[in-house]
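Novice: Just run_24.cif, nothing more (mmCIF, C-alpha atoms):
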```
data_model
loop_
_atom_site.group_PDB
_atom_site.id
_atom_site.type_symbol
_atom_site.label_atom_id
_atom_site.label_comp_id
_atom_site.auth_asym_id
_atom_site.auth_seq_id
_atom_site.Cartn_x
_atom_site.Cartn_y
_atom_site.Cartn_z
ATOM 1 C CA MET A 23 85.028 258.929 0.184
ATOM 2 C CA LYS A 24 87.468 259.899 2.917
ATOM 3 C CA LEU A 25 90.503 257.767 3.733
ATOM 4 C CA ALA A 26 92.965 258.109 6.614
ATOM 5 C CA VAL A 27 96.277 256.289 6.988
ATOM 6 C CA CYS A 28 98.010 255.880 10.343
ATOM 7 C CA ILE A 29 101.786 255.984 9.944
ATOM 8 C CA LYS A 30 104.687 255.707 12.356
ATOM 9 C CA GLN A 31 108.253 256.953 12.488
ATOM 10 C CA VAL A 32 110.606 254.101 13.416
ATOM 11 C CA PRO A 33 114.388 253.736 13.870
ATOM 12 C CA SER A 34 116.193 253.221 10.580
ATOM 13 C CA SER A 35 119.201 251.545 12.163
ATOM 14 C CA SER A 36 119.782 248.495 14.300
ATOM 15 C CA GLU A 37 122.179 250.613 16.369
ATOM 16 C CA VAL A 38 119.622 251.869 18.886
ATOM 17 C CA SER A 39 119.831 252.606 22.600
ATOM 18 C CA VAL A 40 117.411 251.514 25.305
ATOM 19 C CA ASP A 41 116.369 253.663 28.259
ATOM 20 C CA PRO A 42 117.515 251.755 31.385
ATOM 21 C CA VAL A 43 114.490 252.955 33.400
ATOM 22 C CA THR A 44 111.528 252.786 30.998
ATOM 23 C CA HIS A 45 113.100 250.124 28.724
ATOM 24 C CA ASN A 46 111.782 252.084 25.733
ATOM 25 C CA LEU A 47 113.906 252.815 22.679
ATOM 26 C CA ILE A 48 115.792 256.120 22.728
ATOM 27 C CA ARG A 49 114.753 257.187 19.256
ATOM 28 C CA GLU A 50 116.725 260.439 19.258
ATOM 29 C CA LYS A 51 119.998 258.502 19.017
ATOM 30 C CA SER A 52 119.194 256.679 15.789
ATOM 31 C CA GLY A 53 118.138 257.661 12.315
ATOM 32 C CA THR A 54 114.461 257.444 11.456
ATOM 33 C CA MET A 55 112.269 256.297 8.597
ATOM 34 C CA MET A 56 108.646 255.471 7.953
ATOM 35 C CA ASN A 57 107.473 252.085 9.158
ATOM 36 C CA PRO A 58 107.713 249.792 6.085
ATOM 37 C CA SER A 59 104.198 248.318 6.148
ATOM 38 C CA ASP A 60 102.762 251.832 6.555
ATOM 39 C CA LEU A 61 104.164 252.592 3.100
ATOM 40 C CA ASN A 62 102.084 249.693 1.801
ATOM 41 C CA ALA A 63 99.015 251.114 3.561
ATOM 42 C CA LEU A 64 99.665 254.496 1.931
ATOM 43 C CA GLU A 65 99.982 252.898 -1.498
ATOM 44 C CA MET A 66 96.712 251.030 -0.962
ATOM 45 C CA ALA A 67 94.945 254.275 -0.037
ATOM 46 C CA LEU A 68 96.421 256.084 -3.031
ATOM 47 C CA GLY A 69 95.275 253.283 -5.324
ATOM 48 C CA ILE A 70 91.700 253.781 -4.105
ATOM 49 C CA LYS A 71 92.095 257.540 -4.564
ATOM 50 C CA GLU A 72 93.196 257.091 -8.178
ATOM 51 C CA GLU A 73 90.220 254.847 -8.915
ATOM 52 C CA ASN A 74 87.874 257.462 -7.450
ATOM 53 C CA GLN A 75 89.305 260.671 -8.901
ATOM 54 C CA GLY A 76 87.648 263.812 -7.620
ATOM 55 C CA VAL A 77 85.549 262.104 -4.960
ATOM 56 C CA CYS A 78 88.240 260.798 -2.618
ATOM 57 C CA GLU A 79 90.087 262.715 0.110
ATOM 58 C CA THR A 80 93.105 261.277 1.912
ATOM 59 C CA ALA A 81 94.932 262.111 5.122
ATOM 60 C CA ALA A 82 97.905 260.696 7.020
ATOM 61 C CA ILE A 83 98.147 260.873 10.797
ATOM 62 C CA THR A 84 100.986 260.061 13.174
ATOM 63 C CA MET A 85 101.833 260.441 16.838
ATOM 64 C CA GLY A 86 105.355 261.369 17.827
ATOM 65 C CA PRO A 87 107.874 264.166 18.345
ATOM 66 C CA PRO A 88 107.893 267.230 16.057
ATOM 67 C CA GLY A 89 110.436 265.481 13.835
ATOM 68 C CA ALA A 90 107.771 262.946 12.829
ATOM 69 C CA GLN A 91 106.483 265.605 10.444
ATOM 70 C CA GLU A 92 109.099 264.317 8.003
ATOM 71 C CA GLU A 93 107.140 261.091 7.549
ATOM 72 C CA LEU A 94 103.971 263.108 6.955
ATOM 73 C CA ARG A 95 105.850 265.098 4.293
ATOM 74 C CA THR A 96 106.822 261.816 2.648
ATOM 75 C CA ALA A 97 103.197 260.665 2.676
ATOM 76 C CA MET A 98 102.059 263.932 1.098
ATOM 77 C CA ALA A 99 104.842 263.731 -1.489
ATOM 78 C CA MET A 100 103.479 260.309 -2.435
ATOM 79 C CA GLY A 101 100.061 261.870 -3.025
ATOM 80 C CA ILE A 102 98.262 262.067 0.324
ATOM 81 C CA ASP A 103 96.239 265.302 0.583
ATOM 82 C CA ARG A 104 96.890 266.359 4.178
ATOM 83 C CA GLY A 105 98.890 265.430 7.260
ATOM 84 C CA CYS A 106 98.193 265.511 10.982
ATOM 85 C CA LEU A 107 100.702 265.239 13.832
ATOM 86 C CA LEU A 108 99.751 264.389 17.412
ATOM 87 C CA THR A 109 102.550 265.611 19.641
ATOM 88 C CA ASP A 110 102.750 266.374 23.339
ATOM 89 C CA ARG A 111 105.124 265.497 26.141
ATOM 90 C CA CYS A 112 102.298 263.779 28.009
ATOM 91 C CA LEU A 113 101.753 261.402 25.056
ATOM 92 C CA ALA A 114 105.339 260.105 25.125
ATOM 93 C CA GLY A 115 106.101 256.531 26.137
ATOM 94 C CA GLY A 116 102.587 255.251 25.566
ATOM 95 C CA ASP A 117 101.898 251.568 25.011
ATOM 96 C CA THR A 118 99.658 250.279 22.230
ATOM 97 C CA ILE A 119 96.490 251.038 24.199
ATOM 98 C CA ALA A 120 97.487 254.642 24.929
ATOM 99 C CA THR A 121 98.649 255.070 21.327
ATOM 100 C CA ALA A 122 95.359 253.781 19.910
ATOM 101 C CA ARG A 123 93.448 256.033 22.297
ATOM 102 C CA ALA A 124 95.365 259.113 21.111
ATOM 103 C CA LEU A 125 94.979 258.210 17.427
ATOM 104 C CA ALA A 126 91.240 257.718 17.902
ATOM 105 C CA LYS A 127 90.961 261.174 19.472
ATOM 106 C CA GLY A 128 93.050 262.736 16.722
ATOM 107 C CA LEU A 129 91.100 261.112 13.897
ATOM 108 C CA SER A 130 87.775 262.080 15.443
ATOM 109 C CA ARG A 131 88.919 265.691 15.638
ATOM 110 C CA LEU A 132 90.420 265.688 12.140
ATOM 111 C CA GLY A 133 87.244 264.525 10.409
ATOM 112 C CA THR A 134 84.896 261.644 9.654
ATOM 113 C CA TYR A 135 86.552 258.866 7.660
ATOM 114 C CA ASP A 136 85.045 255.990 5.714
ATOM 115 C CA LEU A 137 88.167 253.845 5.812
ATOM 116 C CA ILE A 138 91.191 253.958 8.109
ATOM 117 C CA LEU A 139 94.307 252.041 7.074
ATOM 118 C CA ALA A 140 97.522 251.215 8.920
ATOM 119 C CA GLY A 141 100.482 248.899 8.582
ATOM 120 C CA ALA A 142 99.862 245.485 10.116
ATOM 121 C CA GLU A 143 102.763 245.933 12.524
ATOM 122 C CA SER A 144 105.692 248.234 13.187
ATOM 123 C CA SER A 145 109.305 247.254 12.636
ATOM 124 C CA ASP A 146 110.311 248.376 16.133
ATOM 125 C CA GLY A 147 107.500 246.925 18.265
ATOM 126 C CA ALA A 148 105.937 244.308 15.960
ATOM 127 C CA THR A 149 102.892 243.824 18.212
ATOM 128 C CA GLY A 150 100.245 244.237 15.511
ATOM 129 C CA GLN A 151 97.941 245.632 18.197
ATOM 130 C CA VAL A 152 97.446 249.324 17.411
ATOM 131 C CA GLY A 153 95.175 248.837 14.382
ATOM 132 C CA PRO A 154 92.679 246.526 16.115
ATOM 133 C CA MET A 155 92.792 248.637 19.296
ATOM 134 C CA LEU A 156 92.130 251.773 17.259
ATOM 135 C CA ALA A 157 89.065 250.107 15.742
ATOM 136 C CA GLU A 158 87.864 249.134 19.212
ATOM 137 C CA ALA A 159 88.403 252.654 20.546
ATOM 138 C CA MET A 160 86.372 254.091 17.665
ATOM 139 C CA GLY A 161 83.694 251.405 17.741
ATOM 140 C CA LEU A 162 84.464 250.268 14.182
ATOM 141 C CA PRO A 163 84.811 246.839 12.545
ATOM 142 C CA HIS A 164 88.309 245.882 11.469
ATOM 143 C CA VAL A 165 90.209 243.363 9.381
ATOM 144 C CA SER A 166 93.880 242.686 10.051
ATOM 145 C CA SER A 167 96.619 241.480 7.694
ATOM 146 C CA VAL A 168 94.923 242.628 4.487
ATOM 147 C CA GLN A 169 96.790 241.882 1.271
ATOM 148 C CA ARG A 170 94.482 243.633 -1.143
ATOM 149 C CA ILE A 171 91.290 245.662 -1.284
ATOM 150 C CA GLU A 172 89.537 244.052 -4.225
ATOM 151 C CA LYS A 173 86.361 246.084 -4.426
ATOM 152 C CA VAL A 174 85.098 249.396 -3.081
ATOM 153 C CA SER A 175 81.357 249.978 -3.274
ATOM 154 C CA GLU A 176 78.810 252.168 -1.537
ATOM 155 C CA GLY A 177 79.214 251.528 2.185
ATOM 156 C CA GLU A 178 81.258 248.338 1.782
ATOM 157 C CA ILE A 179 84.638 246.960 0.753
ATOM 158 C CA GLN A 180 85.816 243.492 -0.203
ATOM 159 C CA VAL A 181 89.285 242.534 1.005
ATOM 160 C CA LEU A 182 91.692 239.652 0.617
ATOM 161 C CA LYS A 183 93.143 238.800 4.022
ATOM 162 C CA LYS A 184 96.284 236.828 4.724
ATOM 163 C CA PHE A 185 95.438 233.885 6.974
ATOM 164 C CA HIS A 186 98.344 231.639 7.964
ATOM 165 C CA GLN A 187 99.366 229.875 4.741
ATOM 166 C CA SER A 188 96.159 230.742 2.913
ATOM 167 C CA ALA A 189 93.893 233.711 2.241
ATOM 168 C CA VAL A 190 90.246 234.559 2.803
ATOM 169 C CA ARG A 191 87.908 237.069 1.158
ATOM 170 C CA LEU A 192 85.753 239.227 3.405
ATOM 171 C CA ARG A 193 83.152 241.937 2.904
ATOM 172 C CA VAL A 194 83.290 244.705 5.490
ATOM 173 C CA LYS A 195 80.779 247.461 6.164
ATOM 174 C CA LEU A 196 82.156 251.000 6.232
ATOM 175 C CA PRO A 197 83.385 252.866 8.174
ATOM 176 C CA ALA A 198 86.076 250.367 9.110
ATOM 177 C CA VAL A 199 89.751 249.893 9.959
ATOM 178 C CA VAL A 200 92.089 247.607 8.009
ATOM 179 C CA THR A 201 95.733 246.796 8.650
ATOM 180 C CA VAL A 202 97.941 246.085 5.660
ATOM 181 C CA VAL A 203 100.697 243.474 5.410
ATOM 182 C CA TYR A 204 104.225 244.397 4.403
ATOM 183 C CA GLY A 205 105.142 243.745 0.788
ATOM 184 C CA CYS A 206 101.586 243.444 -0.559
ATOM 185 C CA ASN A 207 102.233 246.181 -3.142
ATOM 186 C CA ASP A 208 105.009 248.404 -4.468
ATOM 187 C CA PRO A 209 104.881 251.832 -2.782
ATOM 188 C CA ARG A 210 105.461 254.641 -5.258
ATOM 189 C CA LEU A 211 108.521 256.847 -5.015
ATOM 190 C CA PRO A 212 107.898 260.584 -4.656
ATOM 191 C CA THR A 213 109.234 262.787 -7.432
ATOM 192 C CA LEU A 214 111.410 265.830 -6.773
ATOM 193 C CA ARG A 215 108.493 268.065 -7.745
ATOM 194 C CA SER A 216 106.104 266.295 -5.370
ATOM 195 C CA LYS A 217 108.651 266.526 -2.547
ATOM 196 C CA MET A 218 108.978 270.261 -3.058
ATOM 197 C CA ALA A 219 105.195 270.654 -3.152
ATOM 198 C CA ALA A 220 104.826 268.620 0.059
ATOM 199 C CA LYS A 221 107.195 270.978 1.882
ATOM 200 C CA LYS A 222 104.761 273.829 1.275
ATOM 201 C CA LYS A 223 101.709 271.982 2.562
ATOM 202 C CA GLU A 224 100.422 272.750 6.025
ATOM 203 C CA ILE A 225 100.442 269.994 8.627
ATOM 204 C CA VAL A 226 97.711 270.041 11.261
ATOM 205 C CA VAL A 227 99.266 269.734 14.734
ATOM 206 C CA TYR A 228 97.242 268.642 17.747
ATOM 207 C CA THR A 229 98.600 268.738 21.281
ATOM 208 C CA ASN A 230 96.715 267.348 24.237
ATOM 209 C CA GLU A 231 95.121 270.762 24.604
ATOM 210 C CA GLU A 232 93.085 269.845 21.517
ATOM 211 C CA LEU A 233 92.826 266.099 22.175
ATOM 212 C CA GLN A 234 91.709 266.514 25.787
ATOM 213 C CA ILE A 235 92.940 263.096 26.926
ATOM 214 C CA PRO A 236 93.002 262.879 30.749
ATOM 215 C CA LYS A 237 96.621 262.823 31.929
ATOM 216 C CA GLU A 238 96.075 259.508 33.700
ATOM 217 C CA LEU A 239 95.110 257.947 30.331
ATOM 218 C CA ALA A 240 97.873 259.507 28.227
ATOM 219 C CA GLY A 241 101.371 258.321 27.381
ATOM 220 C CA LEU A 242 103.417 256.335 29.855
ATOM 221 C CA GLN A 243 101.115 257.232 32.745
ATOM 222 C CA GLY A 244 98.092 255.949 30.846
ATOM 223 C CA SER A 245 99.711 252.675 29.778
ATOM 224 C CA PRO A 246 98.417 249.588 31.610
ATOM 225 C CA THR A 247 101.183 247.450 30.104
ATOM 226 C CA MET A 248 104.860 247.901 30.893
ATOM 227 C CA VAL A 249 108.010 246.914 29.043
ATOM 228 C CA THR A 250 110.149 244.858 31.419
ATOM 229 C CA GLU A 251 113.117 244.387 29.095
ATOM 230 C CA SER A 252 114.311 245.539 25.674
ATOM 231 C CA PHE A 253 117.399 244.231 23.934
ATOM 232 C CA LEU A 254 118.841 243.756 20.491
ATOM 233 C CA PRO A 255 119.097 240.080 19.534
ATOM 234 C CA GLU A 256 122.583 238.808 18.899
ATOM 235 C CA ARG A 257 123.203 238.067 15.262
ATOM 236 C CA VAL A 258 124.910 234.750 14.739
ATOM 237 C CA GLN A 259 126.126 233.900 11.269
ATOM 238 C CA THR A 260 127.447 230.475 10.396
ATOM 239 C CA GLU A 261 128.750 229.037 7.169
ATOM 240 C CA ASN A 262 128.516 225.469 5.973
ATOM 241 C CA PHE A 263 130.622 224.266 3.072
ATOM 242 C CA LEU A 264 129.105 221.226 1.421
ATOM 243 C CA THR A 265 131.203 218.910 -0.697
ATOM 244 C CA GLY A 266 130.359 215.958 -2.880
ATOM 245 C CA ASN A 267 128.442 215.390 -6.056
ATOM 246 C CA ALA A 268 125.048 216.958 -6.757
ATOM 247 C CA ARG A 269 123.095 214.091 -5.166
ATOM 248 C CA GLU A 270 125.243 214.096 -2.020
ATOM 249 C CA ILE A 271 124.990 217.891 -1.625
ATOM 250 C CA ALA A 272 121.208 217.751 -2.094
ATOM 251 C CA GLN A 273 120.970 215.110 0.635
ATOM 252 C CA LYS A 274 123.104 217.209 2.992
ATOM 253 C CA ILE A 275 120.912 220.277 2.375
ATOM 254 C CA LEU A 276 117.829 218.191 3.154
ATOM 255 C CA GLU A 277 119.408 216.996 6.397
ATOM 256 C CA LEU A 278 120.264 220.580 7.409
ATOM 257 C CA VAL A 279 116.702 221.726 6.727
ATOM 258 C CA GLU A 280 115.267 218.839 8.752
ATOM 259 C CA LYS A 281 117.665 219.643 11.583
ATOM 260 C CA GLU A 282 116.605 223.308 11.635
ATOM 261 C CA ARG A 283 112.953 222.283 11.648
ATOM 262 C CA GLY A 284 113.607 220.141 14.682
ATOM 263 C CA ASN A 285 115.142 223.113 16.506
ATOM 264 C CA THR A 286 112.146 225.433 15.939
#
```
Kindly return the structure encoded in the file as structure tokens.
Specialist:
Amino acid sequence: MKLAVCIKQVPSSSEVSVDPVTHNLIREKSGTMMNPSDLNALEMALGIKEENQGVCETAAITMGPPGAQEELRTAMAMGIDRGCLLTDRCLAGGDTIATARALAKGLSRLGTYDLILAGAESSDGATGQVGPMLAEAMGLPHVSSVQRIEKVSEGEIQVLKKFHQSAVRLRVKLPAVVTVVYGCNDPRLPTLRSKMAAKKKEIVVYTNEELQIPKELAGLQGSPTMVTESFLPERVQTENFLTGNAREIAQKILELVEKERGNT
């Protein structure tokens, strides 16, 4: 069985800058980290690998600048077998459609995969669109917001999907794409030895020379959607000091909760 995990490098700080022309984040001016829910997707893939020792191959793929190789190194230090970076100036600034298109091309070139996993949404964009769009681009079924893969059998998986305030079990034919919700598992921490081993592993790098995406369909130029404004929300912190006996304080808390509900 072959598994691929799509990961993304995101800003690690709230102190980010926004390009005044494109309205995209200027990622070079902030620290970076792996998108949190992608770590959960990696852990889910590694769990399947451990249950299928010797017959399961894993890969991580990302699109970004050369520095995004660091996140691939982290994935390999966790236990992923190989990494693939899609990087090219013409891929920069792409929206979710252009990103999914590039990932589909990269995955198709990298190999044939039974199951493709990704985080349900990124911490910087939070659209939740890339996973489903990737499935559409590759002509595969998909399930979003998966909490757990409960069963892996020949040509099929059974998943538990988060659905509003409840959950639903689904059986999905393979190959397929699933997106994984944040916090559904505890991602393992790489050891020092595994980090050192990951540094020696080769990362496959594809530019658009290999992907062969027409320039009019790549990156910013190939993005039918446009960001009209990006801004950091103002953080407002307030404090309420409640006085009285336990019953009076409980009543005041209830009133505050009801008030907040009325404002949302």
Novice: Could you check the closest approach to Gly105 of chain A for each of A:Ala26, A:Leu182, A:Ala198, A:Val226 and tell me which residue wins, using all atoms listed in the file?
Specialist: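 The closest residue to Gly105 of chain A is A:Val226.
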Novice: If you count only C-alpha atoms, which residues fall within 8 Å of Ile119 of chain A, apart from same-chain ones fewer than 2 positions away, as an NGL selection string?
Specialist: :A and (116-117 or 121-123 or 152 or 155 or 245-246)
Novice: Residues of the last selection are to be written out with C-alpha atoms, as a PDB file, in the frame of the given file.
Specialist:
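Output (part_37.pdb):
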```
ATOM      1  CA  GLY A 116     102.587 255.251  25.566  1.00  0.00           C
ATOM      2  CA  ASP A 117     101.898 251.568  25.011  1.00  0.00           C
ATOM      3  CA  THR A 121      98.649 255.070  21.327  1.00  0.00           C
ATOM      4  CA  ALA A 122      95.359 253.781  19.910  1.00  0.00           C
ATOM      5  CA  ARG A 123      93.448 256.033  22.297  1.00  0.00           C
ATOM      6  CA  VAL A 152      97.446 249.324  17.411  1.00  0.00           C
ATOM      7  CA  MET A 155      92.792 248.637  19.296  1.00  0.00           C
ATOM      8  CA  SER A 245      99.711 252.675  29.778  1.00  0.00           C
ATOM      9  CA  PRO A 246      98.417 249.588  31.610  1.00  0.00           C
TER      10      PRO A 246
END
```
Novice: Specify as a PyMOL selection string each residue included when the PyMOL selection byres ((chain A and resi 90) around 12) is applied to this file.
Specialist: chain A and resi 29-33+49-50+53-57+82-89+91-97+105-109+225+227
Novice: Write the selection just made, keeping C-alpha atoms, as a CSV table (one decimal), in the frame of the given file?
Specialist:
```csv
chain,number,residue,atom,x,y,z
A,29,ILE,CA,101.8,256.0,9.9
A,30,LYS,CA,104.7,255.7,12.4
A,31,GLN,CA,108.3,257.0,12.5
A,32,VAL,CA,110.6,254.1,13.4
A,33,PRO,CA,114.4,253.7,13.9
A,49,ARG,CA,114.8,257.2,19.3
A,50,GLU,CA,116.7,260.4,19.3
A,53,GLY,CA,118.1,257.7,12.3
A,54,THR,CA,114.5,257.4,11.5
A,55,MET,CA,112.3,256.3,8.6
A,56,MET,CA,108.6,255.5,8.0
A,57,ASN,CA,107.5,252.1,9.2
A,82,ALA,CA,97.9,260.7,7.0
A,83,ILE,CA,98.1,260.9,10.8
A,84,THR,CA,101.0,260.1,13.2
A,85,MET,CA,101.8,260.4,16.8
A,86,GLY,CA,105.4,261.4,17.8
A,87,PRO,CA,107.9,264.2,18.3
A,88,PRO,CA,107.9,267.2,16.1
A,89,GLY,CA,110.4,265.5,13.8
A,91,GLN,CA,106.5,265.6,10.4
A,92,GLU,CA,109.1,264.3,8.0
A,93,GLU,CA,107.1,261.1,7.5
A,94,LEU,CA,104.0,263.1,7.0
A,95,ARG,CA,105.8,265.1,4.3
A,96,THR,CA,106.8,261.8,2.6
A,97,ALA,CA,103.2,260.7,2.7
A,105,GLY,CA,98.9,265.4,7.3
A,106,CYS,CA,98.2,265.5,11.0
A,107,LEU,CA,100.7,265.2,13.8
A,108,LEU,CA,99.8,264.4,17.4
A,109,THR,CA,102.6,265.6,19.6
A,225,ILE,CA,100.4,270.0,8.6
A,227,VAL,CA,99.3,269.7,14.7
```
Novice: One decimal, in Å: what's the spacing between atom CA of Gly141 of chain A and atom CA of Thr201 of chain A?
Specialist: 5.2 Å
Novice: With the file shown as input, list the residues that the PyMOL selection byres ((chain A and resi 99-103) around 6) selects, as JSON, numbers by chain.
Specialist: {"A": [80, 81, 96, 97, 98, 104, 212, 216, 217, 220]}
Novice: Spell out the residues picked by the PyMOL selection byres ((chain A and resi 169-179) around 6) here, as a VMD selection string.
Specialist: chain A and resid 168 180 to 183 193 to 196 203 206
Novice: Write the residues of the selection above to a file with C-alpha atoms, as a JSON list (two decimals), keeping the file's coordinate frame.
Specialist:
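Okay, result27.json is ready:
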```json
[["chain", "number", "residue", "atom", "x", "y", "z"],
["A", 168, "VAL", "CA", 94.92, 242.63, 4.49],
["A", 180, "GLN", "CA", 85.82, 243.49, -0.20],
["A", 181, "VAL", "CA", 89.28, 242.53, 1.00],
["A", 182, "LEU", "CA", 91.69, 239.65, 0.62],
["A", 183, "LYS", "CA", 93.14, 238.80, 4.02],
["A", 193, "ARG", "CA", 83.15, 241.94, 2.90],
["A", 194, "VAL", "CA", 83.29, 244.70, 5.49],
["A", 195, "LYS", "CA", 80.78, 247.46, 6.16],
["A", 196, "LEU", "CA", 82.16, 251.00, 6.23],
["A", 203, "VAL", "CA", 100.70, 243.47, 5.41],
["A", 206, "CYS", "CA", 101.59, 243.44, -0.56]]
```
Novice: Grab segment 236-249 of chain A from that structure and dump N, CA and C atoms to a file, as a PDB file, in the first residue's frame.
Specialist:
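Written file, part01.pdb:
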```pdb
ATOM      1  N   PRO A 236       0.975  24.561 -17.838  1.00  0.00           N
ATOM      2  CA  PRO A 236       0.987  25.772 -18.660  1.00  0.00           C
ATOM      3  C   PRO A 236       1.068  27.018 -17.785  1.00  0.00           C
ATOM      4  N   LYS A 237       1.882  27.980 -18.187  1.00  0.00           N
ATOM      5  CA  LYS A 237       2.106  29.174 -17.370  1.00  0.00           C
ATOM      6  C   LYS A 237       0.801  29.885 -17.010  1.00  0.00           C
ATOM      7  N   GLU A 238      -0.167  29.842 -17.921  1.00  0.00           N
ATOM      8  CA  GLU A 238      -1.430  30.532 -17.648  1.00  0.00           C
ATOM      9  C   GLU A 238      -2.284  29.794 -16.611  1.00  0.00           C
ATOM     10  N   LEU A 239      -1.864  28.584 -16.213  1.00  0.00           N
ATOM     11  CA  LEU A 239      -2.590  27.815 -15.200  1.00  0.00           C
ATOM     12  C   LEU A 239      -1.780  27.640 -13.920  1.00  0.00           C
ATOM     13  N   ALA A 240      -0.630  28.293 -13.845  1.00  0.00           N
ATOM     14  CA  ALA A 240       0.271  28.111 -12.705  1.00  0.00           C
ATOM     15  C   ALA A 240       0.329  29.358 -11.833  1.00  0.00           C
ATOM     16  N   GLY A 241       0.457  29.141 -10.529  1.00  0.00           N
ATOM     17  CA  GLY A 241       0.696  30.240  -9.599  1.00  0.00           C
ATOM     18  C   GLY A 241      -0.344  31.338  -9.651  1.00  0.00           C
ATOM     19  N   LEU A 242       0.121  32.558  -9.426  1.00  0.00           N
ATOM     20  CA  LEU A 242      -0.773  33.712  -9.388  1.00  0.00           C
ATOM     21  C   LEU A 242      -1.494  33.903 -10.714  1.00  0.00           C
ATOM     22  N   GLN A 243      -0.782  33.696 -11.817  1.00  0.00           N
ATOM     23  CA  GLN A 243      -1.378  33.872 -13.138  1.00  0.00           C
ATOM     24  C   GLN A 243      -2.495  32.858 -13.390  1.00  0.00           C
ATOM     25  N   GLY A 244      -2.353  31.676 -12.832  1.00  0.00           N
ATOM     26  CA  GLY A 244      -3.348  30.632 -13.045  1.00  0.00           C
ATOM     27  C   GLY A 244      -4.399  30.544 -11.961  1.00  0.00           C
ATOM     28  N   SER A 245      -4.539  31.608 -11.171  1.00  0.00           N
ATOM     29  CA  SER A 245      -5.492  31.610 -10.057  1.00  0.00           C
ATOM     30  C   SER A 245      -6.748  32.396 -10.416  1.00  0.00           C
ATOM     31  N   PRO A 246      -7.887  31.720 -10.562  1.00  0.00           N
ATOM     32  CA  PRO A 246      -9.120  32.435 -10.903  1.00  0.00           C
ATOM     33  C   PRO A 246      -9.691  33.245  -9.748  1.00  0.00           C
ATOM     34  N   THR A 247      -9.261  32.952  -8.515  1.00  0.00           N
ATOM     35  CA  THR A 247      -9.715  33.750  -7.381  1.00  0.00           C
ATOM     36  C   THR A 247      -8.617  34.722  -6.975  1.00  0.00           C
ATOM     37  N   MET A 248      -9.001  35.810  -6.347  1.00  0.00           N
ATOM     38  CA  MET A 248      -8.041  36.845  -5.977  1.00  0.00           C
ATOM     39  C   MET A 248      -8.321  37.317  -4.559  1.00  0.00           C
ATOM     40  N   VAL A 249      -7.259  37.479  -3.793  1.00  0.00           N
ATOM     41  CA  VAL A 249      -7.384  38.012  -2.438  1.00  0.00           C
ATOM     42  C   VAL A 249      -7.534  39.525  -2.531  1.00  0.00           C
TER      43      VAL A 249
END
```
